[in-house]
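Chemist: Before I ask anything, here is the structure I am working with.
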Amino acid sequence: MAYLSKQKIGKGTYYYLVENIPVGKGKRKQIREYIGNEKPSESKLQILISEFEKKTEKEIIKLHGHHYLTNEEIKEIDQINSQFWRRYKNENSTVQEQFDENFVMAFVYNTNSIEGSTLSPKEVELLLSENIAPNKPLEDVLEAKAAQKTLKFAKEYNGEFTQEFIQQIHEMYFKDTKPRIAGKYKTHQNLVRGSHFETTPPHLVITDMKNYHKEHQQQKNELHPLELAAWAHWKLVRIHPFQDGNGRTARIIMNYILHSNGYAMIDIKTKEKQQYFNALEKCHYNNNGKALAIRLVRRFKKQYQNALAEDGESR
């Protein structure tokens, strides 16, 4: 984070904005910008810092590609993940299965609720565990079942990360409720809900998805898995390749990347959807996935810090 620095040279006092960028293990590069010989007011300082951080973001990307998290954040995430899996593997199969089922039910409820599903958590639980369908819109019921099936498919998938895989995810999720568009790239311009940014025009979707795949190939060996999951989620939403269902597809892809890299999957809560949407909007504005990565770090910590610990549970 940028901060104000004062330097005295002779009789003069000079003010700078400074940010220390991590460039390797224990190493940092300092970026400074001179802002004058008078200390700015607090309101002016905040404006200057905001503008300065946008400039340094470009420098960070130049140095690291899409590195969004600090070494400390990555270390903490890795520690929480290792502790969780150690506890998980020490549990008996009944506890493991129950934990997995609870995650699936929570994920299905939240990912569909974010998009307007009317099913309650209890209705989702009865539907998925006992096949008892509620008296709710058929589309909501079918998409809850489809979400369960699609998440399972993504967890078990061991092929290459390709355009075809992403289309397969979308088709599996929406073939029963949106058969005309399931698995097919869009033919009409669409929007990111609540966003001021335009998505990829239909005639450029194939090109952008090819570039998406190429960039994923470049970044997968350089990024932390949570950073990669955030980037892949944000970028897919920004392209919006399908006519509908892009958010739910992106959340499945996010968890596929985490799971395939040995990380516990994340359930983005519907009660936190405004913060989630705000993070995505900030990603669009800054043209990188940092804001979503930071949001996912918070959710991961809250979800897994005490999961399966004595007197602890996933929240």
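Identifiers in this document derive from the order of the structure tokens: chains are assigned A, B, ..., residues are numbered from 1 separately in each chain, and ligands are numbered from 1 in order of occurrence.
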Name the residues in contact with Arg180 (chain A) at a cut-off of 12 Å, using only C-alpha atoms, excluding same-chain residues fewer than 3 positions from it; report them as a list in words.

Modeler: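 Those residues are His170, Glu171, Phe174, Lys175, Asp176, Thr177, Gly183, Lys184, Tyr185, Lys186, Thr187, Phe242, Gln243 and Asp244 of chain A.
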
Chemist: Could you tell me, as an MDAnalysis selection string, which residues of region 126-302 of chain A DSSP assigns to helix (DSSP H, G or I) when given the backbone?

Modeler: chainID A and resid 126:130 138:156 163:174 202:219 225:239 246:260 270:286 290:302

Chemist: Dump C-alpha atoms for the selected residues as a compact mmCIF listing (two decimals), in the first residue's frame?

Modeler:
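Just written: result-v3.txt:
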# COMPACT_ATOMS: atom_id res chain seq x y z
CA LEU A 126 -33.95 -31.78 0.76
CA LEU A 127 -33.71 -31.71 -3.02
CA LEU A 128 -30.08 -32.81 -3.21
CA SER A 129 -30.02 -35.28 -0.33
CA GLU A 130 -33.52 -36.79 -0.50
CA LEU A 138 -39.10 -25.70 -12.15
CA GLU A 139 -36.12 -23.80 -13.55
CA ASP A 140 -34.77 -23.19 -10.04
CA VAL A 141 -35.19 -26.86 -9.14
CA LEU A 142 -33.51 -28.13 -12.31
CA GLU A 143 -30.60 -25.70 -12.00
CA ALA A 144 -29.97 -26.78 -8.41
CA LYS A 145 -29.66 -30.39 -9.56
CA ALA A 146 -27.54 -29.29 -12.51
CA ALA A 147 -25.19 -27.28 -10.29
CA GLN A 148 -24.57 -30.36 -8.13
CA LYS A 149 -23.84 -32.50 -11.19
CA THR A 150 -21.62 -29.88 -12.85
CA LEU A 151 -19.53 -29.26 -9.73
CA LYS A 152 -18.97 -33.02 -9.39
CA PHE A 153 -17.91 -33.21 -13.04
CA ALA A 154 -15.46 -30.32 -12.61
CA LYS A 155 -13.93 -31.90 -9.48
CA GLU A 156 -13.37 -35.20 -11.27
CA GLN A 163 -12.49 -23.80 -24.50
CA GLU A 164 -14.33 -27.08 -25.00
CA PHE A 165 -14.12 -27.85 -21.27
CA ILE A 166 -15.63 -24.47 -20.40
CA GLN A 167 -18.40 -24.98 -22.97
CA GLN A 168 -19.02 -28.44 -21.53
CA ILE A 169 -19.43 -26.93 -18.05
CA HIS A 170 -21.98 -24.44 -19.39
CA GLU A 171 -23.87 -27.06 -21.38
CA MET A 172 -24.13 -29.46 -18.44
CA TYR A 173 -25.39 -26.68 -16.17
CA PHE A 174 -28.04 -25.24 -18.50
CA PRO A 202 -20.33 -11.65 -30.12
CA HIS A 203 -18.15 -11.62 -33.25
CA LEU A 204 -14.99 -11.38 -31.10
CA VAL A 205 -15.84 -14.03 -28.51
CA ILE A 206 -13.93 -16.85 -30.22
CA THR A 207 -10.84 -14.63 -30.49
CA ASP A 208 -11.05 -13.51 -26.86
CA MET A 209 -11.61 -17.06 -25.63
CA LYS A 210 -8.54 -18.23 -27.57
CA ASN A 211 -6.55 -15.45 -25.92
CA TYR A 212 -8.07 -16.39 -22.54
CA HIS A 213 -6.82 -19.94 -22.99
CA LYS A 214 -3.35 -18.78 -24.10
CA GLU A 215 -3.01 -16.44 -21.13
CA HIS A 216 -4.12 -19.19 -18.75
CA GLN A 217 -1.40 -21.43 -20.18
CA GLN A 218 1.18 -18.69 -19.62
CA GLN A 219 0.08 -17.87 -16.08
CA PRO A 225 -3.60 -21.08 -7.47
CA LEU A 226 -5.88 -18.62 -5.69
CA GLU A 227 -4.57 -15.78 -7.87
CA LEU A 228 -5.10 -17.91 -10.96
CA ALA A 229 -8.64 -18.78 -9.84
CA ALA A 230 -9.42 -15.09 -9.32
CA TRP A 231 -7.96 -14.12 -12.69
CA ALA A 232 -9.82 -16.90 -14.54
CA HIS A 233 -13.12 -16.03 -12.84
CA TRP A 234 -12.83 -12.27 -13.48
CA LYS A 235 -11.63 -12.61 -17.08
CA LEU A 236 -14.41 -15.02 -18.01
CA VAL A 237 -17.01 -12.67 -16.54
CA ARG A 238 -15.47 -9.74 -18.40
CA ILE A 239 -15.66 -11.60 -21.73
CA ASN A 246 -21.60 -16.67 -17.14
CA GLY A 247 -21.33 -15.98 -13.40
CA ARG A 248 -22.25 -19.52 -12.42
CA THR A 249 -19.89 -20.95 -15.02
CA ALA A 250 -17.09 -18.70 -13.73
CA ARG A 251 -17.64 -19.85 -10.13
CA ILE A 252 -17.40 -23.50 -11.23
CA ILE A 253 -14.20 -22.73 -13.17
CA MET A 254 -12.79 -20.91 -10.13
CA ASN A 255 -13.33 -23.99 -7.97
CA TYR A 256 -12.03 -26.35 -10.65
CA ILE A 257 -8.74 -24.42 -10.64
CA LEU A 258 -8.51 -24.45 -6.84
CA HIS A 259 -9.38 -28.14 -6.52
CA SER A 260 -7.08 -29.29 -9.34
CA THR A 270 -25.24 -14.77 -1.44
CA LYS A 271 -25.35 -12.49 1.62
CA GLU A 272 -21.95 -11.15 0.52
CA LYS A 273 -22.90 -10.76 -3.14
CA GLN A 274 -22.70 -6.96 -3.14
CA GLN A 275 -19.08 -7.06 -1.94
CA TYR A 276 -18.44 -9.76 -4.55
CA PHE A 277 -20.01 -7.66 -7.33
CA ASN A 278 -18.06 -4.61 -6.15
CA ALA A 279 -14.82 -6.60 -6.34
CA LEU A 280 -15.61 -7.69 -9.90
CA GLU A 281 -16.45 -4.12 -10.88
CA LYS A 282 -13.13 -2.95 -9.46
CA CYS A 283 -11.41 -5.68 -11.48
CA HIS A 284 -13.08 -4.38 -14.64
CA TYR A 285 -12.04 -0.81 -13.81
CA ASN A 286 -8.40 -1.72 -13.10
CA LYS A 290 -6.57 -8.20 -7.80
CA ALA A 291 -9.79 -7.03 -6.10
CA LEU A 292 -11.41 -10.44 -6.55
CA ALA A 293 -8.27 -12.23 -5.33
CA ILE A 294 -8.36 -10.16 -2.14
CA ARG A 295 -12.06 -10.95 -1.74
CA LEU A 296 -11.39 -14.67 -2.19
CA VAL A 297 -8.61 -14.57 0.41
CA ARG A 298 -11.08 -13.19 2.97
CA ARG A 299 -13.69 -15.81 2.09
CA PHE A 300 -11.14 -18.64 2.14
CA LYS A 301 -9.87 -17.63 5.57
CA LYS A 302 -13.37 -17.31 7.00

Chemist: Between CA of Ile114 (chain A) and CA of Asn81 (chain A), what is the spacing in Å?

Modeler: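 Going from CA of Asn81 (chain A) over to CA of Ile114 (chain A), I get 25.8 Å.
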
Chemist: With only C-alpha atoms as the counted atoms, please give the residues lying no more than 12 Å from region 2-13 of chain A, apart from itself and same-chain residues fewer than 6 positions off, as JSON, numbers by chain.

Modeler: {"A": [19, 20, 21, 30, 31, 32, 33, 34, 35, 36, 37, 38, 39, 40, 41, 42, 44, 45, 46, 47, 48, 49, 50, 51, 52, 53, 54, 55, 56, 57]}

Chemist: Go through region 238-267 of chain A and flag each residue having an atom no more than 12 Å from region 84-97 of chain A; for those, report the closest pair of atoms plus their distance in Å to one decimal, using only C-alpha atoms, ordered by chain and rising number, as CSV.

Modeler:
residue,atom,partner,partner_atom,distance
A:His259,CA,A:Trp85,CA,11.8
A:Gly262,CA,A:Trp85,CA,9.1
A:Tyr263,CA,A:Trp85,CA,8.7
A:Ala264,CA,A:Trp85,CA,8.0
A:Met265,CA,A:Phe84,CA,11.5

Chemist: If you run DSSP over the backbone, which residues in region 185-244 of chain A end up strand (DSSP E or B)? Put them as a list of chain:residue names.

Modeler: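 Taking region 185-244 of chain A and keeping strand (DSSP E or B) gives A:Tyr185, A:Leu191, A:Glu198, A:Phe242.
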
Chemist: For the residues selected in the previous step, produce a file with N, CA and C atoms as a short mmCIF file (atom, residue, chain, number, x, y, z; two decimals), in the first residue's frame.

Modeler:
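The file below, selection-v9.cif, is the result:
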data_model
loop_
_atom_site.label_atom_id
_atom_site.label_comp_id
_atom_site.auth_asym_id
_atom_site.auth_seq_id
_atom_site.Cartn_x
_atom_site.Cartn_y
_atom_site.Cartn_z
N TYR A 185 -21.58 -20.19 -27.63
CA TYR A 185 -21.19 -18.80 -27.43
C TYR A 185 -22.32 -17.88 -27.88
N LEU A 191 -24.65 -7.93 -21.05
CA LEU A 191 -24.06 -7.03 -20.06
C LEU A 191 -23.69 -7.78 -18.80
N GLU A 198 -18.50 -2.75 -20.92
CA GLU A 198 -19.03 -3.57 -22.00
C GLU A 198 -18.30 -4.91 -22.05
N PHE A 242 -21.03 -16.47 -22.95
CA PHE A 242 -22.33 -17.11 -23.15
C PHE A 242 -23.46 -16.08 -23.02
#

Chemist: Just the number, please: distance in Å from CA of Asn102 (chain A) to CA of Ser82 (chain A), one decimal.

Modeler: 20.2 Å

Chemist: Report, in Å with one decimal, the straight-line distance from CA of His196 (chain A) to CA of Thr118 (chain A).

Modeler: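 One can read the CA of His196 (chain A) to CA of Thr118 (chain A) distance as 26.8 Å.
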
Chemist: Determine the nearest neighbour of Tyr304 (chain A) from the options A:Gly159, A:Glu222, A:Ile266, A:Pro201, counting only C-alpha atoms.

Modeler: A:Ile266

Chemist: Give the answer as one residue: which of A:Arg193, A:Ala307, A:Ile80, A:Met105 has the shortest atom-to-atom distance to Lys122 (chain A), using only C-alpha atoms?

Modeler: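 Between A:Arg193, A:Ala307, A:Ile80, A:Met105, the residue approaching Lys122 (chain A) most closely is A:Met105.
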
Chemist: Using only C-alpha atoms for the distances, tell me which of A:Val192, A:Val124, A:Leu223, A:Ala106 is nearest to Lys269 (chain A).

Modeler: A:Ala106
